[in-house]
>>> print(open('start_20.tsv').read())   # TSV, C-alpha atoms
chain	number	residue	atom	x	y	z
A	1	MET	CA	-130.28	49.16	2.02
A	2	ALA	CA	-128.13	50.85	4.65
A	3	ALA	CA	-129.19	54.30	5.79
A	4	THR	CA	-126.90	57.12	4.81
A	5	THR	CA	-125.28	59.14	7.56
A	6	ALA	CA	-125.41	62.90	7.27
A	7	ALA	CA	-122.09	64.68	7.11
A	8	PRO	CA	-121.13	66.15	10.48
A	9	THR	CA	-121.47	69.86	11.10
A	10	LEU	CA	-119.76	71.98	13.71
A	11	ALA	CA	-123.02	72.14	15.64
A	12	THR	CA	-123.44	68.35	15.82
A	13	LEU	CA	-119.81	67.81	16.73
A	14	LEU	CA	-120.01	70.28	19.57
A	15	ASP	CA	-123.32	68.90	20.77
A	16	GLU	CA	-121.44	65.66	21.39
A	17	VAL	CA	-119.34	67.39	24.01
A	18	SER	CA	-122.23	69.42	25.46
A	19	ILE	CA	-121.02	72.82	24.32
A	20	HIS	CA	-123.49	75.59	23.51
A	21	THR	CA	-123.43	76.52	19.82
A	22	LEU	CA	-124.85	79.23	17.64
A	23	ASP	CA	-126.07	78.90	14.08
A	24	ILE	CA	-124.68	82.20	12.90
A	25	PHE	CA	-123.93	81.71	9.24
A	26	PRO	CA	-125.47	84.22	6.84
A	27	ARG	CA	-127.35	84.01	3.59
A	28	GLN	CA	-125.05	84.55	0.65
A	29	GLY	CA	-124.57	88.10	-0.52
A	30	GLN	CA	-125.74	89.77	2.70
A	31	VAL	CA	-123.96	90.83	5.86
A	32	THR	CA	-126.52	89.19	8.10
A	33	MET	CA	-126.85	86.22	10.40
A	34	LYS	CA	-129.60	83.62	10.61
A	35	THR	CA	-129.64	83.60	14.41
A	36	PRO	CA	-129.53	86.72	16.59
A	37	PRO	CA	-126.49	87.18	18.82
A	38	HIS	CA	-126.61	86.25	22.49
A	39	PRO	CA	-125.20	89.10	24.58
A	40	HIS	CA	-123.57	88.38	27.90
A	41	PRO	CA	-126.16	87.69	30.63
A	42	LEU	CA	-124.97	90.70	32.64
A	43	THR	CA	-125.20	93.16	29.74
A	44	ALA	CA	-128.12	95.14	31.14
A	45	THR	CA	-126.20	96.01	34.31
A	46	LEU	CA	-122.74	96.19	32.74
A	47	LEU	CA	-123.45	98.87	30.14
A	48	PRO	CA	-124.49	101.63	32.56
A	49	ALA	CA	-121.84	100.61	35.09
A	50	VAL	CA	-118.99	100.78	32.58
A	51	GLU	CA	-120.29	104.02	31.09
A	52	GLU	CA	-120.49	105.61	34.54
A	53	TYR	CA	-116.96	104.45	35.36
A	54	PHE	CA	-115.48	106.15	32.28
A	55	LEU	CA	-117.56	109.31	32.58
A	56	GLU	CA	-116.26	109.64	36.14
A	57	LYS	CA	-112.65	108.54	35.67
A	58	TRP	CA	-111.58	109.31	32.07
A	59	PRO	CA	-110.29	112.84	31.25
A	60	PHE	CA	-112.54	113.65	28.29
A	61	PRO	CA	-111.43	117.02	26.91
A	62	SER	CA	-114.93	118.41	26.36
A	63	ASP	CA	-118.65	117.82	26.74
A	64	SER	CA	-118.72	116.98	23.05
A	65	ALA	CA	-116.12	114.22	23.57
A	66	ARG	CA	-118.15	112.83	26.47
A	67	ALA	CA	-121.28	112.80	24.31
A	68	THR	CA	-119.42	111.04	21.49
A	69	PHE	CA	-118.24	108.38	23.92
A	70	LYS	CA	-121.77	107.82	25.24
A	71	LYS	CA	-123.14	107.38	21.71
A	72	ALA	CA	-120.40	104.96	20.55
A	73	ASP	CA	-121.68	101.89	22.46
A	74	LEU	CA	-118.13	100.64	23.10
A	75	ALA	CA	-118.92	98.33	26.02
A	76	LEU	CA	-121.69	96.75	23.96
A	77	PHE	CA	-119.00	95.38	21.64
A	78	THR	CA	-117.51	93.32	24.46
A	79	CYS	CA	-120.87	92.12	25.76
A	80	LEU	CA	-121.86	90.94	22.28
A	81	SER	CA	-118.56	89.44	21.14
A	82	MET	CA	-117.66	87.75	24.45
A	83	PRO	CA	-120.99	86.36	25.70
A	84	SER	CA	-119.30	83.36	27.36
A	85	ALA	CA	-116.92	85.47	29.46
A	86	ASP	CA	-116.88	84.62	33.15
A	87	ASP	CA	-119.13	86.89	35.20
A	88	ASP	CA	-116.24	88.08	37.37
A	89	ARG	CA	-114.15	89.10	34.33
A	90	ILE	CA	-116.57	90.61	31.82
A	91	GLU	CA	-116.53	94.10	33.35
A	92	LEU	CA	-112.73	94.31	33.21
A	93	ALA	CA	-112.89	93.05	29.62
A	94	CYS	CA	-115.34	95.86	28.81
A	95	ARG	CA	-113.02	98.42	30.37
A	96	ALA	CA	-110.03	97.03	28.46
A	97	ASN	CA	-111.76	97.24	25.09
A	98	ASN	CA	-113.04	100.72	25.93
A	99	VAL	CA	-109.50	101.90	26.68
A	100	LEU	CA	-108.22	100.44	23.40
A	101	PHE	CA	-111.01	102.10	21.41
A	102	ILE	CA	-110.45	105.46	23.10
A	103	MET	CA	-106.66	105.29	22.75
A	104	ASP	CA	-107.08	104.42	19.07
A	105	ASP	CA	-109.22	107.51	18.59
A	106	ILE	CA	-106.77	109.69	20.52
A	107	MET	CA	-103.87	108.50	18.38
A	108	ASP	CA	-105.85	109.18	15.20
A	109	ASN	CA	-105.65	112.88	16.08
A	110	TRP	CA	-101.92	112.83	16.79
A	111	SER	CA	-98.97	113.10	14.49
A	112	PHE	CA	-96.89	109.94	14.21
A	113	GLU	CA	-94.10	111.69	16.13
A	114	LYS	CA	-96.37	112.51	19.06
A	115	ALA	CA	-97.81	108.99	19.10
A	116	ARG	CA	-94.33	107.46	19.17
A	117	SER	CA	-93.22	109.73	22.00
A	118	PHE	CA	-96.20	108.62	24.08
A	119	TYR	CA	-95.50	104.93	23.53
A	120	SER	CA	-92.74	104.71	26.17
A	121	ILE	CA	-95.11	106.18	28.74
A	122	PHE	CA	-97.95	103.88	27.70
A	123	GLU	CA	-95.75	100.78	27.90
A	124	GLY	CA	-94.75	101.71	31.43
A	125	LEU	CA	-98.38	102.20	32.38
A	126	VAL	CA	-99.56	98.80	31.19
A	127	TRP	CA	-96.64	96.97	32.81
A	128	GLY	CA	-96.79	98.95	36.04
A	129	THR	CA	-93.29	100.38	35.73
A	130	HIS	CA	-94.34	104.03	35.27
A	131	GLU	CA	-93.97	105.17	38.87
A	132	GLU	CA	-95.49	108.66	38.87
A	133	LEU	CA	-99.13	108.59	37.77
A	134	SER	CA	-99.78	112.25	36.99
A	135	SER	CA	-103.11	112.17	35.16
A	136	PRO	CA	-106.49	110.42	35.30
A	137	LEU	CA	-105.65	108.65	32.02
A	138	GLU	CA	-102.49	107.18	33.50
A	139	ILE	CA	-104.34	106.04	36.61
A	140	VAL	CA	-107.13	104.32	34.64
A	141	VAL	CA	-104.71	102.52	32.31
A	142	SER	CA	-102.32	101.46	35.07
A	143	ASP	CA	-105.09	100.18	37.36
A	144	LEU	CA	-106.79	98.31	34.52
A	145	PHE	CA	-103.80	96.27	33.44
A	146	ALA	CA	-102.66	95.64	37.00
A	147	SER	CA	-106.13	94.21	37.71
A	148	ILE	CA	-106.02	92.00	34.61
A	149	ARG	CA	-102.59	90.56	35.39
A	150	ALA	CA	-103.47	90.11	39.06
A	151	LEU	CA	-105.93	87.39	38.04
A	152	ASP	CA	-103.21	85.30	36.39
A	153	THR	CA	-102.28	82.01	38.04
A	154	PRO	CA	-99.07	79.95	37.98
A	155	THR	CA	-100.64	77.77	35.26
A	156	SER	CA	-102.32	80.53	33.24
A	157	GLY	CA	-100.66	83.78	32.18
A	158	LEU	CA	-103.43	85.00	29.89
A	159	GLY	CA	-103.39	88.50	31.41
A	160	HIS	CA	-99.66	88.74	30.78
A	161	GLU	CA	-100.15	87.59	27.19
A	162	PHE	CA	-102.87	90.18	26.64
A	163	THR	CA	-100.61	92.94	28.00
A	164	GLU	CA	-97.82	91.86	25.64
A	165	GLY	CA	-100.28	91.94	22.74
A	166	VAL	CA	-101.44	95.45	23.61
A	167	CYS	CA	-97.86	96.72	23.55
A	168	ALA	CA	-97.23	95.04	20.19
A	169	TRP	CA	-100.40	96.62	18.77
A	170	PHE	CA	-99.41	100.07	20.05
A	171	ARG	CA	-95.94	99.77	18.51
A	172	ALA	CA	-97.48	98.84	15.16
A	173	ALA	CA	-99.99	101.70	15.37
A	174	VAL	CA	-97.30	104.35	15.84
A	175	SER	CA	-94.81	102.92	13.33
A	176	ASN	CA	-96.38	104.66	10.31
A	177	THR	CA	-96.72	101.34	8.48
A	178	ARG	CA	-100.06	102.49	7.08
A	179	THR	CA	-98.21	104.48	4.43
A	180	SER	CA	-96.45	101.30	3.24
A	181	CYS	CA	-99.41	98.93	3.61
A	182	ASP	CA	-99.78	96.71	0.52
A	183	THR	CA	-103.25	97.53	-0.79
A	184	THR	CA	-102.78	95.97	-4.22
A	185	SER	CA	-104.73	92.87	-3.23
A	186	LEU	CA	-107.29	92.00	-0.58
A	187	ASP	CA	-105.24	89.04	0.67
A	188	GLN	CA	-102.20	91.20	1.35
A	189	TYR	CA	-104.33	93.90	2.90
A	190	LEU	CA	-106.02	91.50	5.33
A	191	LYS	CA	-102.67	90.16	6.55
A	192	TYR	CA	-101.83	93.72	7.52
A	193	ARG	CA	-105.29	94.72	8.72
A	194	ILE	CA	-105.72	92.09	11.43
A	195	ILE	CA	-102.57	93.47	13.07
A	196	ASP	CA	-103.33	97.15	12.50
A	197	ALA	CA	-106.85	96.81	13.92
A	198	GLY	CA	-105.75	94.78	16.94
A	199	CYS	CA	-107.82	91.75	15.96
A	200	TRP	CA	-105.52	89.32	17.75
A	201	LEU	CA	-106.09	91.36	20.92
A	202	THR	CA	-109.79	90.54	20.76
A	203	ILE	CA	-108.99	86.82	20.78
A	204	SER	CA	-106.45	87.26	23.57
A	205	LEU	CA	-108.88	89.21	25.75
A	206	MET	CA	-111.66	86.74	24.97
A	207	LEU	CA	-109.52	83.80	26.15
A	208	TRP	CA	-108.59	85.70	29.29
A	209	SER	CA	-112.22	86.58	30.00
A	210	MET	CA	-113.25	82.91	29.67
A	211	ARG	CA	-110.30	81.49	31.62
A	212	LEU	CA	-109.62	79.41	28.51
A	213	PRO	CA	-105.88	78.78	28.12
A	214	VAL	CA	-105.46	77.06	24.76
A	215	PRO	CA	-101.98	75.44	24.84
A	216	ASP	CA	-99.38	76.69	22.37
A	217	ALA	CA	-99.07	73.16	21.00
A	218	ILE	CA	-102.70	73.40	19.87
A	219	ARG	CA	-102.77	77.03	18.71
A	220	GLU	CA	-99.64	76.50	16.64
A	221	LEU	CA	-101.31	73.78	14.58
A	222	PRO	CA	-101.91	74.96	10.98
A	223	SER	CA	-105.58	73.95	11.16
A	224	ILE	CA	-106.18	76.01	14.32
A	225	HIS	CA	-104.37	78.98	12.81
A	226	GLU	CA	-106.53	78.69	9.69
A	227	LEU	CA	-109.65	78.69	11.86
A	228	GLU	CA	-108.51	81.85	13.65
A	229	ILE	CA	-107.62	83.56	10.36
A	230	LYS	CA	-111.05	82.82	8.86
A	231	ALA	CA	-112.70	84.35	11.92
A	232	LEU	CA	-110.44	87.41	11.94
A	233	TYR	CA	-110.72	88.05	8.21
A	234	GLN	CA	-114.51	87.85	8.38
A	235	SER	CA	-114.63	90.19	11.38
A	236	SER	CA	-112.25	92.67	9.78
A	237	LEU	CA	-114.29	92.85	6.60
A	238	VAL	CA	-117.54	93.30	8.53
A	239	ASN	CA	-115.97	96.21	10.41
A	240	ASP	CA	-114.62	97.72	7.21
A	241	VAL	CA	-117.98	97.63	5.44
A	242	TYR	CA	-119.78	99.28	8.35
A	243	SER	CA	-117.03	101.75	9.29
A	244	TYR	CA	-116.24	102.95	5.75
A	245	ARG	CA	-118.35	106.12	5.97
A	246	ARG	CA	-116.79	107.04	9.32
A	247	GLU	CA	-113.26	106.49	8.00
A	248	LEU	CA	-113.90	108.70	4.97
A	249	SER	CA	-115.18	111.46	7.24
A	250	GLU	CA	-112.25	111.17	9.66
A	251	ALA	CA	-109.60	111.10	6.92
A	252	LYS	CA	-111.05	114.24	5.36
A	253	ARG	CA	-111.12	116.00	8.73
A	254	LEU	CA	-107.63	114.99	9.90
A	255	GLY	CA	-105.40	115.07	6.83
A	256	ALA	CA	-102.62	112.65	5.86
A	257	ASP	CA	-100.15	113.94	8.48
A	258	LYS	CA	-102.21	112.37	11.28
A	259	VAL	CA	-102.39	108.69	12.24
A	260	GLY	CA	-106.11	108.58	11.43
A	261	GLY	CA	-105.77	110.58	8.21
A	262	ILE	CA	-104.86	107.56	6.10
A	263	ILE	CA	-107.79	105.42	5.00
A	264	VAL	CA	-107.13	101.73	5.64
A	265	ASN	CA	-110.25	99.91	4.51
A	266	ALA	CA	-111.12	96.88	2.39
A	267	VAL	CA	-113.65	98.88	0.37
A	268	THR	CA	-110.92	101.05	-1.15
A	269	VAL	CA	-108.72	97.98	-1.73
A	270	VAL	CA	-111.45	96.15	-3.63
A	271	LYS	CA	-112.35	99.30	-5.57
A	272	ASN	CA	-108.79	99.59	-6.84
A	273	GLU	CA	-108.15	95.88	-7.31
A	274	LYS	CA	-111.35	95.19	-9.23
A	275	ASN	CA	-112.02	98.62	-10.76
A	276	MET	CA	-115.34	99.03	-8.94
A	277	ASP	CA	-117.19	101.95	-7.40
A	278	ASP	CA	-118.11	102.11	-3.71
A	279	LEU	CA	-121.44	100.29	-3.99
A	280	GLU	CA	-120.03	97.54	-6.21
A	281	ALA	CA	-117.09	97.00	-3.86
A	282	ILE	CA	-119.35	96.81	-0.81
A	283	ALA	CA	-121.66	94.32	-2.56
A	284	TRP	CA	-118.65	92.18	-3.51
A	285	LEU	CA	-117.38	92.27	0.07
A	286	GLU	CA	-120.77	91.28	1.45
A	287	GLU	CA	-120.72	88.17	-0.72
A	288	HIS	CA	-117.13	87.41	0.25
A	289	ILE	CA	-118.04	87.72	3.94
A	290	GLY	CA	-120.71	85.07	3.41
A	291	GLU	CA	-118.15	82.80	1.77
A	292	LEU	CA	-115.78	83.23	4.71
A	293	GLU	CA	-118.57	82.23	7.10
A	294	LEU	CA	-119.11	78.97	5.24
A	295	GLU	CA	-115.38	78.31	5.02
A	296	PHE	CA	-115.08	78.88	8.77
A	297	GLU	CA	-117.66	76.19	9.48
A	298	GLU	CA	-115.95	73.70	7.18
A	299	VAL	CA	-112.58	74.30	8.81
A	300	ALA	CA	-114.10	74.15	12.31
A	301	VAL	CA	-115.69	70.76	11.65
A	302	ASN	CA	-112.39	69.34	10.43
A	303	VAL	CA	-110.47	70.85	13.33
A	304	VAL	CA	-112.73	69.47	16.07
A	305	GLU	CA	-112.67	66.00	14.50
A	306	GLN	CA	-108.89	65.89	14.91
A	307	PHE	CA	-109.14	65.71	18.70
A	308	GLU	CA	-110.52	63.38	21.33
A	309	GLY	CA	-111.52	63.59	24.98
A	310	GLU	CA	-110.70	66.75	26.92
A	311	GLU	CA	-108.79	68.28	24.01
A	312	ARG	CA	-111.86	67.87	21.82
A	313	LYS	CA	-113.94	69.76	24.40
A	314	LEU	CA	-111.33	72.50	24.66
A	315	VAL	CA	-110.99	72.98	20.90
A	316	GLY	CA	-114.75	72.82	20.49
A	317	LYS	CA	-115.22	75.51	23.11
A	318	TYR	CA	-112.62	77.66	21.37
A	319	ALA	CA	-114.33	77.23	17.99
A	320	VAL	CA	-117.68	78.28	19.49
A	321	ALA	CA	-116.04	81.30	21.15
A	322	LEU	CA	-114.66	82.39	17.78
A	323	ARG	CA	-118.13	82.04	16.26
A	324	GLU	CA	-119.63	84.08	19.09
A	325	MET	CA	-117.00	86.73	18.45
A	326	MET	CA	-117.92	86.83	14.75
A	327	VAL	CA	-121.65	87.16	15.27
A	328	GLY	CA	-121.26	89.61	18.15
A	329	ASN	CA	-118.93	91.79	16.13
A	330	TRP	CA	-121.43	91.78	13.25
A	331	GLU	CA	-124.34	92.80	15.47
A	332	TRP	CA	-122.32	95.54	17.16
A	333	SER	CA	-121.06	96.92	13.84
A	334	ARG	CA	-124.65	96.94	12.58
A	335	VAL	CA	-126.18	98.86	15.49
A	336	CYS	CA	-123.43	100.81	17.28
A	337	GLY	CA	-123.37	104.58	17.35
A	338	ARG	CA	-119.68	104.54	16.49
A	339	TYR	CA	-120.41	103.53	12.89
A	340	ASN	CA	-124.05	104.53	12.53
A	341	PHE	CA	-124.31	108.29	12.85
>>> encode(input="start_20.tsv", output="structure tokens")
Amino acid sequence: MAATTAAPTLATLLDEVSIHTLDIFPRQGQVTMKTPPHPHPLTATLLPAVEEYFLEKWPFPSDSARATFKKADLALFTCLSMPSADDDRIELACRANNVLFIMDDIMDNWSFEKARSFYSIFEGLVWGTHEELSSPLEIVVSDLFASIRALDTPTSGLGHEFTEGVCAWFRAAVSNTRTSCDTTSLDQYLKYRIIDAGCWLTISLMLWSMRLPVPDAIRELPSIHELEIKALYQSSLVNDVYSYRRELSEAKRLGADKVGGIIVNAVTVVKNEKNMDDLEAIAWLEEHIGELELEFEEVAVNVVEQFEGEERKLVGKYAVALREMMVGNWEWSRVCGRYNF
């Protein structure tokens, strides 16, 4: 009798091409992972270095704002979600994510009109076309993006692509589309949310940090896009579950005339769609997050099997990076001071 061959898993497929993998998939019904995350090897030195840089360079308006920044653990997000970043790029990646987090918080306190008026200045800063740098904020932002693009090569424009993505995210953030966001179903909400929250920027920065240019011909494949969407939907829902209390507090404080005064969260969507209370909606989302994890693995296995040789290694490495992003985002959401206060 012939021996049966076990069905391939993403881990076994990637072992074939000698790529490090993580078994991150959770038990059903819980936002948890079987295996702890693996932070970037330089995390212990990066966190104080990045914090010191921002405390010295960024124009925080008050001691309270500086204390809030220190408690938020922003650089930890990058160290956890991009553990395979190259050593010479991880610090810039931390700074970039910090700037995006801080700018998001600043805009939350602005009216939509003020946010839109600042966009033209911000776009000039990130592209290096704003000639007169008149504030510490402008200097930090301009220097950051110039440094990121300076590492591009003739065959890899990942820094340029990240800069384009940041501008697209900023335009969406100031367009007041939150008031017209379709929250009648979770599927429609997630299509909006991954743009509103800048989720594609995380992937773009991750690829830049790893020097991993995935060709358009590969990323445009429906199977690759499905893999990315599974990862982004899972990450968005994890953030929404953990950030819900903070968003309620901020919306109450700011009011609907401010960018951050409109609650955009999957918990409220599920509450309305399924006629649930807060706890029921969160429990439902926790189970759905587990389902997305399993679906991601199934899609990843099928995707990697489509390729051979060097392309198989590249796609496998990309799949693992997406998994690292998912587990790192979960761990950060679970422990960070930004959501746990």
>>> closest_residue(input="start_20.tsv", among="A:Tyr53, A:Glu91, A:Thr184, A:Met107", to="A:Thr268", atoms="only C-alpha atoms")
A:Thr184
>>> residues_around(input="start_20.tsv", residues="A:Val99", least_positions_apart="3", cutoff="10 Å", atoms="all atoms listed in the file", output="MDAnalysis selection string")
chainID A and resid 54 58 74 93:96 102:105 137 140:141 144
>>> atom_distance(input="start_20.tsv", atom1="atom CA of A:Lys71", atom2="atom CA of A:Gly159")
29.0 Å
>>> atom_distance(input="start_20.tsv", atom1="atom CA of A:Val238", atom2="atom CA of A:Trp330")
6.3 Å
>>> residues_around(input="start_20.tsv", residues="stretch 132-135 of chain A", least_positions_apart="3", cutoff="12 Å", atoms="all atoms listed in the file", output="list in words")
Lys57, Trp58, Pro59, Phe60, Ile121, Phe122, Gly124, Leu125, Val126, Gly128, Thr129, Glu138, Ile139, Val140, Val141, Ser142 and Asp143 of chain A
>>> atom_distance(input="start_20.tsv", atom1="atom CA of A:Glu331", atom2="atom CA of A:Glu293")
14.7 Å
>>> residues_around(input="start_20.tsv", residues="A:Leu158", least_positions_apart="4", cutoff="8 Å", atoms="only C-alpha atoms", output="short mmCIF file (atom, residue, chain, number, x, y, z; two decimals) with C-alpha atoms, in the coordinates of the input")
data_model
loop_
_atom_site.label_atom_id
_atom_site.label_comp_id
_atom_site.auth_asym_id
_atom_site.auth_seq_id
_atom_site.Cartn_x
_atom_site.Cartn_y
_atom_site.Cartn_z
CA ARG A 149 -102.59 90.56 35.39
CA ASP A 152 -103.21 85.30 36.39
CA PHE A 162 -102.87 90.18 26.64
CA SER A 204 -106.45 87.26 23.57
CA LEU A 207 -109.52 83.80 26.15
CA TRP A 208 -108.59 85.70 29.29
CA ARG A 211 -110.30 81.49 31.62
CA PRO A 213 -105.88 78.78 28.12
#
>>> residues_around(input="start_20.tsv", residues="A:Lys230", least_positions_apart="2", cutoff="9 Å", atoms="all atoms listed in the file", output="PyMOL selection string")
chain A and resi 225-228+232-235+292-293+295-296+299
>>> build_atoms(input="start_20.tsv", residues="stretch 234-243 of chain A", atoms="all heavy atoms", output="mmCIF file, in the coordinates of the input")
data_model
loop_
_atom_site.group_PDB
_atom_site.id
_atom_site.type_symbol
_atom_site.label_atom_id
_atom_site.label_comp_id
_atom_site.auth_asym_id
_atom_site.auth_seq_id
_atom_site.Cartn_x
_atom_site.Cartn_y
_atom_site.Cartn_z
ATOM 1 N N GLN A 234 -113.086 87.538 8.465
ATOM 2 C CA GLN A 234 -114.510 87.850 8.380
ATOM 3 C C GLN A 234 -114.839 89.065 9.248
ATOM 4 O O GLN A 234 -115.549 89.988 8.813
ATOM 5 C CB GLN A 234 -115.333 86.628 8.822
ATOM 6 C CG GLN A 234 -116.826 86.782 8.670
ATOM 7 C CD GLN A 234 -117.523 87.367 9.899
ATOM 8 O OE1 GLN A 234 -116.896 87.583 10.932
ATOM 9 N NE2 GLN A 234 -118.803 87.630 9.761
ATOM 10 N N SER A 235 -114.331 89.081 10.475
ATOM 11 C CA SER A 235 -114.630 90.190 11.380
ATOM 12 C C SER A 235 -114.058 91.502 10.872
ATOM 13 O O SER A 235 -114.708 92.557 10.967
ATOM 14 C CB SER A 235 -114.064 89.882 12.774
ATOM 15 O OG SER A 235 -114.691 88.746 13.343
ATOM 16 N N SER A 236 -112.863 91.460 10.320
ATOM 17 C CA SER A 236 -112.250 92.670 9.780
ATOM 18 C C SER A 236 -113.055 93.248 8.634
ATOM 19 O O SER A 236 -113.259 94.466 8.542
ATOM 20 C CB SER A 236 -110.817 92.370 9.313
ATOM 21 O OG SER A 236 -109.995 91.988 10.389
ATOM 22 N N LEU A 237 -113.524 92.370 7.750
ATOM 23 C CA LEU A 237 -114.290 92.850 6.600
ATOM 24 C C LEU A 237 -115.642 93.403 7.028
ATOM 25 O O LEU A 237 -116.121 94.400 6.466
ATOM 26 C CB LEU A 237 -114.469 91.722 5.588
ATOM 27 C CG LEU A 237 -113.181 91.263 4.896
ATOM 28 C CD1 LEU A 237 -113.477 90.140 3.901
ATOM 29 C CD2 LEU A 237 -112.489 92.423 4.184
ATOM 30 N N VAL A 238 -116.278 92.765 8.006
ATOM 31 C CA VAL A 238 -117.540 93.300 8.530
ATOM 32 C C VAL A 238 -117.320 94.706 9.074
ATOM 33 O O VAL A 238 -118.075 95.644 8.768
ATOM 34 C CB VAL A 238 -118.110 92.370 9.624
ATOM 35 C CG1 VAL A 238 -119.229 93.072 10.395
ATOM 36 C CG2 VAL A 238 -118.639 91.084 9.001
ATOM 37 N N ASN A 239 -116.272 94.881 9.877
ATOM 38 C CA ASN A 239 -115.970 96.210 10.410
ATOM 39 C C ASN A 239 -115.706 97.211 9.298
ATOM 40 O O ASN A 239 -116.173 98.356 9.351
ATOM 41 C CB ASN A 239 -114.758 96.150 11.342
ATOM 42 C CG ASN A 239 -115.080 95.583 12.713
ATOM 43 O OD1 ASN A 239 -114.275 94.879 13.289
ATOM 44 N ND2 ASN A 239 -116.252 95.873 13.243
ATOM 45 N N ASP A 240 -114.957 96.802 8.286
ATOM 46 C CA ASP A 240 -114.620 97.720 7.210
ATOM 47 C C ASP A 240 -115.847 98.182 6.442
ATOM 48 O O ASP A 240 -115.978 99.362 6.086
ATOM 49 C CB ASP A 240 -113.622 97.064 6.250
ATOM 50 C CG ASP A 240 -112.191 97.134 6.754
ATOM 51 O OD1 ASP A 240 -111.986 97.568 7.905
ATOM 52 O OD2 ASP A 240 -111.273 96.751 5.996
ATOM 53 N N VAL A 241 -116.757 97.264 6.174
ATOM 54 C CA VAL A 241 -117.980 97.630 5.440
ATOM 55 C C VAL A 241 -118.785 98.650 6.244
ATOM 56 O O VAL A 241 -119.247 99.665 5.710
ATOM 57 C CB VAL A 241 -118.817 96.380 5.121
ATOM 58 C CG1 VAL A 241 -120.220 96.782 4.662
ATOM 59 C CG2 VAL A 241 -118.134 95.546 4.045
ATOM 60 N N TYR A 242 -118.946 98.396 7.538
ATOM 61 C CA TYR A 242 -119.780 99.280 8.350
ATOM 62 C C TYR A 242 -119.085 100.570 8.759
ATOM 63 O O TYR A 242 -119.747 101.580 9.025
ATOM 64 C CB TYR A 242 -120.273 98.532 9.598
ATOM 65 C CG TYR A 242 -121.426 97.594 9.318
ATOM 66 C CD1 TYR A 242 -121.232 96.211 9.258
ATOM 67 C CD2 TYR A 242 -122.711 98.083 9.098
ATOM 68 C CE1 TYR A 242 -122.289 95.354 9.009
ATOM 69 C CE2 TYR A 242 -123.766 97.228 8.838
ATOM 70 C CZ TYR A 242 -123.554 95.865 8.791
ATOM 71 O OH TYR A 242 -124.600 95.016 8.524
ATOM 72 N N SER A 243 -117.753 100.558 8.825
ATOM 73 C CA SER A 243 -117.030 101.750 9.290
ATOM 74 C C SER A 243 -116.550 102.632 8.147
ATOM 75 O O SER A 243 -115.957 103.681 8.391
ATOM 76 C CB SER A 243 -115.818 101.327 10.133
ATOM 77 O OG SER A 243 -114.834 100.687 9.326
#
